[in-house]
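Shown below: protein.csv, with CSV, C-alpha atoms and all ligand atoms.
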chain,number,residue,atom,x,y,z
A,4,MET,CA,48.5,68.9,-79.3
A,5,LEU,CA,45.5,69.4,-77.0
A,6,SER,CA,46.5,68.2,-73.5
A,7,ILE,CA,44.3,67.6,-70.6
A,8,GLU,CA,46.0,67.0,-67.2
A,9,ASN,CA,44.2,66.0,-64.0
A,10,LEU,CA,41.1,67.8,-65.0
A,11,SER,CA,38.3,67.8,-62.4
A,12,PHE,CA,34.8,69.2,-62.5
A,13,ALA,CA,31.8,69.3,-60.1
A,14,TYR,CA,28.3,70.5,-60.6
A,15,GLY,CA,27.8,72.1,-57.1
A,16,ASN,CA,29.2,69.4,-54.8
A,17,VAL,CA,28.5,66.5,-57.2
A,18,GLN,CA,31.9,65.5,-58.7
A,19,VAL,CA,31.4,64.5,-62.3
A,20,LEU,CA,35.0,64.5,-63.8
A,21,HIS,CA,37.8,62.9,-61.8
A,22,ASN,CA,41.5,63.6,-62.7
A,23,ILE,CA,41.1,63.2,-66.5
A,24,ASN,CA,44.3,62.9,-68.4
A,25,MET,CA,44.1,62.9,-72.2
A,26,ALA,CA,46.1,64.0,-75.3
A,27,MET,CA,44.6,64.6,-78.7
A,28,ALA,CA,46.9,65.0,-81.7
A,29,PRO,CA,46.6,66.9,-84.9
A,30,GLY,CA,45.6,64.8,-87.9
A,31,GLU,CA,43.8,62.3,-85.8
A,32,VAL,CA,40.1,61.7,-84.9
A,33,THR,CA,40.1,60.9,-81.1
A,34,CYS,CA,36.9,59.3,-79.9
A,35,ILE,CA,35.5,59.6,-76.4
A,36,VAL,CA,33.2,56.6,-75.7
A,37,GLY,CA,31.2,55.6,-72.7
A,38,ARG,CA,27.7,55.0,-71.5
A,39,ASN,CA,25.0,57.6,-70.9
A,40,GLY,CA,25.8,59.9,-68.0
A,41,VAL,CA,29.5,59.2,-67.6
A,42,GLY,CA,30.5,62.8,-68.2
A,43,LYS,CA,31.3,63.0,-71.9
A,44,THR,CA,29.3,66.2,-72.6
A,45,THR,CA,30.6,67.7,-69.3
A,46,LEU,CA,34.1,67.1,-70.6
A,47,MET,CA,33.4,68.7,-74.0
A,48,LYS,CA,32.0,71.8,-72.2
A,49,ASN,CA,35.1,72.0,-70.0
A,50,ILE,CA,37.3,71.9,-73.1
A,51,MET,CA,35.2,74.6,-74.8
A,52,GLY,CA,35.1,76.7,-71.6
A,53,THR,CA,31.3,76.9,-71.2
A,54,LEU,CA,32.0,75.0,-67.9
A,55,ARG,CA,35.1,75.9,-65.9
A,56,ALA,CA,37.1,73.1,-64.4
A,57,SER,CA,37.6,73.0,-60.7
A,58,GLY,CA,41.1,71.6,-61.0
A,59,GLY,CA,43.8,70.5,-63.4
A,60,ASP,CA,45.1,71.9,-66.6
A,61,LEU,CA,44.3,72.2,-70.2
A,62,SER,CA,46.5,73.5,-73.0
A,63,LEU,CA,46.6,73.8,-76.8
A,64,ASN,CA,50.1,73.8,-78.3
A,65,ASN,CA,51.4,74.6,-74.8
A,66,VAL,CA,49.1,77.7,-74.4
A,67,GLN,CA,47.2,77.4,-71.2
A,68,LEU,CA,43.4,77.5,-71.7
A,69,ARG,CA,42.0,76.9,-68.2
A,70,ARG,CA,41.7,80.5,-67.2
A,71,LEU,CA,40.2,81.6,-70.6
A,72,PRO,CA,36.5,82.1,-71.0
A,73,ALA,CA,34.8,80.3,-73.9
A,74,ASN,CA,34.9,83.2,-76.4
A,75,ARG,CA,38.7,83.5,-75.9
A,76,ARG,CA,39.1,79.7,-76.4
A,77,ALA,CA,37.1,80.1,-79.6
A,78,LYS,CA,39.6,82.6,-80.8
A,79,ALA,CA,42.4,80.3,-79.7
A,80,GLY,CA,41.0,77.8,-82.2
A,81,ILE,CA,38.5,75.6,-80.3
A,82,ALA,CA,35.0,74.9,-81.7
A,83,LEU,CA,32.2,72.8,-80.3
A,84,VAL,CA,29.4,71.1,-82.2
A,85,PRO,CA,27.1,70.6,-79.3
A,86,GLN,CA,25.0,67.6,-78.5
A,87,GLY,CA,21.5,68.1,-80.0
A,88,ARG,CA,23.0,70.5,-82.6
A,89,GLN,CA,21.5,73.7,-81.2
A,90,ILE,CA,21.3,75.6,-84.4
A,91,PHE,CA,19.1,78.8,-84.5
A,92,PRO,CA,15.8,77.6,-85.9
A,93,LYS,CA,14.5,81.1,-86.7
A,94,LEU,CA,17.6,82.2,-88.6
A,95,THR,CA,18.4,81.1,-92.2
A,96,VAL,CA,21.1,78.6,-92.9
A,97,GLN,CA,23.3,81.4,-94.1
A,98,GLU,CA,22.7,83.5,-91.0
A,99,ASN,CA,23.5,80.4,-88.9
A,100,LEU,CA,26.8,80.1,-90.7
A,101,LEU,CA,27.6,83.8,-90.3
A,102,VAL,CA,27.4,83.4,-86.5
A,103,GLY,CA,30.4,81.1,-86.8
A,104,LEU,CA,32.5,84.0,-88.2
A,105,GLN,CA,32.7,85.6,-84.8
A,106,ALA,CA,35.3,83.0,-83.8
A,107,ARG,CA,37.7,84.2,-86.5
A,108,THR,CA,40.7,86.3,-85.6
A,109,ASN,CA,41.1,87.9,-89.0
A,110,ARG,CA,38.6,90.2,-90.6
A,111,VAL,CA,37.2,87.8,-93.1
A,112,LYS,CA,33.4,88.4,-93.3
A,113,LYS,CA,32.5,85.8,-95.9
A,114,ILE,CA,31.6,82.2,-95.4
A,115,PRO,CA,34.5,80.2,-96.9
A,116,ASP,CA,33.5,78.3,-100.1
A,117,GLU,CA,34.9,75.1,-98.7
A,118,ILE,CA,32.1,74.9,-96.2
A,119,TYR,CA,29.7,74.6,-99.1
A,120,ASP,CA,32.1,72.1,-100.9
A,121,MET,CA,32.0,69.9,-97.8
A,122,PHE,CA,28.2,70.2,-97.3
A,123,PRO,CA,26.6,71.1,-100.7
A,124,ILE,CA,23.1,71.0,-99.1
A,125,LEU,CA,23.9,74.1,-97.1
A,126,LYS,CA,24.4,76.0,-100.4
A,127,SER,CA,21.1,74.9,-101.9
A,128,MET,CA,19.3,75.6,-98.7
A,129,ALA,CA,21.1,78.9,-97.8
A,130,ARG,CA,17.9,80.9,-97.5
A,131,ARG,CA,15.8,78.3,-95.7
A,132,MET,CA,15.1,78.6,-92.0
A,133,GLY,CA,17.4,76.4,-89.9
A,134,GLY,CA,14.3,75.0,-88.2
A,135,ASP,CA,13.0,73.7,-91.5
A,136,LEU,CA,15.9,71.4,-92.1
A,137,SER,CA,15.9,67.7,-91.4
A,138,GLY,CA,17.9,66.5,-88.3
A,139,GLY,CA,20.8,65.4,-90.5
A,140,GLN,CA,20.8,68.6,-92.4
A,141,GLN,CA,20.8,70.5,-89.1
A,142,GLN,CA,23.8,68.5,-88.0
A,143,GLN,CA,25.6,69.4,-91.2
A,144,LEU,CA,24.8,73.0,-90.5
A,145,ALA,CA,26.0,72.8,-86.9
A,146,ILE,CA,29.3,71.3,-88.2
A,147,GLY,CA,29.5,73.9,-90.9
A,148,ARG,CA,29.0,76.7,-88.4
A,149,ALA,CA,31.8,75.4,-86.3
A,150,LEU,CA,34.1,75.2,-89.3
A,151,VAL,CA,33.5,78.7,-90.5
A,152,GLY,CA,35.9,79.8,-87.7
A,153,GLU,CA,38.6,77.5,-89.1
A,154,PRO,CA,39.2,75.8,-85.8
A,155,GLU,CA,42.4,73.9,-84.9
A,156,VAL,CA,40.3,71.7,-82.6
A,157,LEU,CA,36.9,70.5,-83.6
A,158,LEU,CA,34.9,69.0,-80.7
A,159,LEU,CA,31.7,67.0,-81.8
A,160,ASP,CA,29.3,65.7,-79.2
A,161,GLU,CA,27.4,62.7,-80.6
A,162,PRO,CA,27.0,64.0,-84.2
A,163,THR,CA,25.4,60.8,-85.4
A,164,GLU,CA,22.6,60.7,-82.8
A,165,GLY,CA,19.3,60.3,-84.6
A,166,ILE,CA,20.6,60.8,-88.1
A,167,GLN,CA,20.1,58.8,-91.3
A,168,PRO,CA,23.0,56.5,-92.5
A,169,SER,CA,23.8,58.4,-95.7
A,170,ILE,CA,24.4,61.6,-93.8
A,171,ILE,CA,26.4,59.8,-91.1
A,172,GLN,CA,28.7,58.6,-93.8
A,173,GLN,CA,29.1,62.1,-95.3
A,174,ILE,CA,29.9,63.5,-91.8
A,175,GLY,CA,32.5,60.8,-91.3
A,176,GLU,CA,34.2,61.6,-94.6
A,177,VAL,CA,34.3,65.3,-93.7
A,178,LEU,CA,36.0,64.5,-90.3
A,179,ARG,CA,38.5,62.2,-92.1
A,180,GLN,CA,39.3,65.0,-94.6
A,181,LEU,CA,39.7,67.6,-91.8
A,182,ALA,CA,42.1,65.4,-90.0
A,183,LYS,CA,44.1,64.2,-93.0
A,184,GLU,CA,44.2,67.3,-95.2
A,185,ARG,CA,44.1,70.1,-92.6
A,186,ASN,CA,45.7,68.5,-89.6
A,187,VAL,CA,42.8,69.4,-87.4
A,188,ILE,CA,42.5,67.9,-83.9
A,189,VAL,CA,39.1,66.2,-84.1
A,190,VAL,CA,37.5,65.1,-80.8
A,191,LEU,CA,34.5,62.9,-81.3
A,192,VAL,CA,32.1,61.9,-78.6
A,193,GLU,CA,30.4,58.9,-80.0
A,194,GLN,CA,28.3,55.9,-78.9
A,195,TYR,CA,27.9,54.4,-82.3
A,196,LEU,CA,30.9,52.1,-82.3
A,197,ASP,CA,30.9,51.2,-86.1
A,198,PHE,CA,31.5,54.9,-86.7
A,199,VAL,CA,34.3,55.0,-84.2
A,200,HIS,CA,36.0,52.0,-85.9
A,201,GLU,CA,35.5,53.4,-89.4
A,202,PHE,CA,36.6,57.0,-88.8
A,203,GLY,CA,38.4,57.2,-85.5
A,204,HIS,CA,42.1,56.7,-84.9
A,205,ARG,CA,42.3,56.7,-81.1
A,206,PHE,CA,39.8,56.3,-78.2
A,207,TYR,CA,39.4,57.1,-74.6
A,208,LEU,CA,36.8,55.1,-72.8
A,209,MET,CA,35.1,56.9,-69.9
A,210,ASN,CA,33.2,55.4,-67.0
A,211,ARG,CA,31.8,57.4,-64.1
A,212,GLY,CA,33.8,60.5,-64.8
A,213,ARG,CA,37.1,58.7,-65.2
A,214,SER,CA,39.1,57.6,-68.3
A,215,VAL,CA,39.4,53.9,-67.8
A,216,ALA,CA,41.0,52.7,-71.0
A,217,ASP,CA,42.6,54.2,-74.2
A,218,GLY,CA,44.4,53.1,-77.3
A,219,ALA,CA,44.0,52.8,-81.0
A,220,THR,CA,40.4,52.3,-82.1
A,221,SER,CA,41.4,48.8,-83.4
A,222,GLU,CA,42.1,47.9,-79.7
A,223,LEU,CA,38.6,48.8,-78.7
A,224,THR,CA,37.7,45.2,-78.3
A,225,SER,CA,34.5,43.4,-77.5
A,226,ASP,CA,35.9,42.6,-74.0
A,227,LEU,CA,36.4,46.3,-73.3
A,228,VAL,CA,32.9,47.1,-74.7
A,229,ALA,CA,31.4,44.3,-72.6
A,230,ALA,CA,33.1,45.5,-69.4
A,231,HIS,CA,32.3,49.2,-69.8
A,232,LEU,CA,29.7,49.9,-72.5
A,233,SER,CA,27.1,47.2,-72.7
A,234,VAL,CA,24.1,47.6,-70.4
B,301,LIG,N1,23.6,71.0,-65.3
B,301,LIG,C1,23.8,69.9,-64.5
B,301,LIG,N2,23.7,69.9,-63.2
B,301,LIG,C2,23.9,68.9,-62.4
B,301,LIG,N3,24.2,67.6,-62.8
B,301,LIG,C3,24.4,67.5,-64.2
B,301,LIG,C4,24.2,68.6,-65.1
B,301,LIG,N4,24.4,68.2,-66.3
B,301,LIG,C5,24.8,66.9,-66.2
B,301,LIG,N5,24.8,66.5,-64.9
B,301,LIG,C6,25.1,65.1,-64.4
B,301,LIG,O1,26.5,64.9,-64.7
B,301,LIG,C7,26.7,63.6,-65.1
B,301,LIG,C8,27.4,63.6,-66.5
B,301,LIG,O2,26.5,64.1,-67.5
B,301,LIG,P1,26.9,64.3,-69.0
B,301,LIG,O3,25.8,65.0,-69.7
B,301,LIG,O4,28.2,64.9,-69.0
B,301,LIG,O5,27.0,62.8,-69.5
B,301,LIG,P2,27.1,62.2,-70.9
B,301,LIG,O6,28.2,61.2,-70.8
B,301,LIG,O7,27.3,63.3,-71.9
B,301,LIG,O8,25.7,61.5,-71.2
B,301,LIG,P3,24.9,61.2,-72.5
B,301,LIG,O9,25.5,60.0,-73.2
B,301,LIG,O10,23.5,60.9,-72.0
B,301,LIG,O11,24.9,62.5,-73.3
B,301,LIG,C9,25.3,62.9,-65.1
B,301,LIG,O12,25.2,62.2,-63.9
B,301,LIG,C10,24.4,64.1,-65.2
B,301,LIG,O13,23.1,63.7,-64.6
B,302,MG,MG,26.2,63.8,-73.6

Please go through the file and, once you have read it, give me the structure as structure tokens.
Amino acid sequence: MLSIENLSFAYGNVQVLHNINMAMAPGEVTCIVGRNGVGKTTLMKNIMGTLRASGGDLSLNNVQLRRLPANRRAKAGIALVPQGRQIFPKLTVQENLLVGLQARTNRVKKIPDEIYDMFPILKSMARRMGGDLSGGQQQQLAIGRALVGEPEVLLLDEPTEGIQPSIIQQIGEVLRQLAKERNVIVVLVEQYLDFVHEFGHRFYLMNRGRSVADGATSELTSDLVAAHLSV
């Protein structure tokens, strides 16, 4: 279980996260929804450790994470697929995947075959430059790179943003499989609500740096959406 308790964060003196309490379970896709600028990315970076919370606690299976830097959290089993993908455009697909091996605690130096089973395109394009891939292919590469480390917690920040429907569906199936077959804790920041309903189990709705509602994704009703999400 990934537990977040009273987590707070400020950029300088601008408080962006206020006493966030959340719990994400293995085998489930937990969705973080909310309008632009409410603090979703800031929350993901606080879980990964690239930003350090100013207060509160964070633990994975009762192991405290708050004082650990991002590289130690990666070894503890947390991986982030960042918003905007951020693959290395001047490295090949294979080299991009090899970067993910750094998160592993064992000495395995090979990209696991199952990454290519999940995203066959990465195999056929293994020697192409990351920057030559389409947006959807880059997103698959970013997810593949995170999975190379065999994370227990996979954080994804808006993976469907600007991506064609066929690849969105493929990504959803991979997330479903990771949760169901490998018991991964999947945390999905997502504004595309059809995707949340199709592939998500639970949701937290954020507004202005606070969690204002949560429940099963089937309970993410049009009333809630109208109150907190529509513009
Ligand atoms: N590096 C930064 N320095 C100062 N303020 C920042 C910084 N990054 C983000 N913010 C501010 O923090 C707030 C939350 O931003 P964040 O990127 O976490 O939102 P978000 O929910 O991910 O938005 P989006 O849906 O657009 O990705 C916003 O008001 C934003 O302007
Ligand atoms: Mg964001």

Checklist entry - Which residue, A:Ser11, A:Thr163, A:Ser6, A:Thr53, has the smallest gap to Glu193 in chain A when you use all atoms listed in the file? => result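 Closest to Glu193 in chain A, using all atoms listed in the file: A:Thr163.
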
Next on the checklist: Neighbours of ligand LIG 301 (chain B) at 6 Å or closer, counting all atoms listed in the file: which residues, as a PyMOL selection string?
Outcome noted: chain A and resi 14+19+38-45

Next on the checklist: Tell me which residues come within 6 Å of (39.2, 53.9, -83.5), as a PyMOL selection string, counting only C-alpha atoms in the file's coordinates.
Outcome noted: chain A and resi 199-200+203-206+219-221

Checklist entry - So how many Å separate CA of Asp135 in chain A and CA of Glu153 in chain A, to one decimal? => result 26.0 Å

Item to check | From A:Ile90, A:Ile166, A:Ile50, A:Val215, residue lying nearest Ala77 in chain A [only C-alpha atoms] | outcome: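 So, comparing all the options, the nearest one is A:Ile50.
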
Item to check | Between CA of Asn16 in chain A and CA of Gly58 in chain A, distance in Å (one decimal) | outcome: 13.6 Å

Next on the checklist: Give me, as an MDAnalysis selection string, all polymer residues having an atom no more than 7 Å from range 145-151 of chain A, counting only C-alpha atoms and skipping those fewer than 4 positions away in the same chain.
Outcome noted: chainID A and resid 82:84 88 90 99:100 103:104 114:115 118 141

Item to check | Distance query Gln105 in chain A at most 8 Å, all atoms listed in the file, self and fewer than 3 positions along chain excluded, as a list in words | outcome: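 Surrounding residues, per the criterion: Leu101, Val102 and Gly152 of chain A.
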
Checklist entry - Given the choices A:Lys48, A:Met209, A:Cys34, A:Met121, which gets closest to Pro162 in chain A if the distance is worked out from all atoms listed in the file? => result A:Cys34

All file atoms of range 201-207 of chain A boxed axis-aligned, 8 Å per side, centre plus edges, as lines of an AutoDock Vina configuration file:
center_x = 38.9
center_y = 55.3
center_z = -82.0
size_x = 22.8
size_y = 19.8
size_z = 30.8

Checklist entry - What is the CA of Lys126 in chain A-CA of Thr108 in chain A distance in Å, reported with one decimal? => result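 Between CA of Lys126 in chain A and CA of Thr108 in chain A the gap works out to 24.3 Å.
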
Next on the checklist: Need to verify the contact set: Lys183 in chain A, 12 Å, only C-alpha atoms, exclusion of same-chain residues closer than 4 positions in sequence. Can you return it as a ChimeraX atom specification?
Outcome noted: /A:28-32,176-179,187-189,202-204
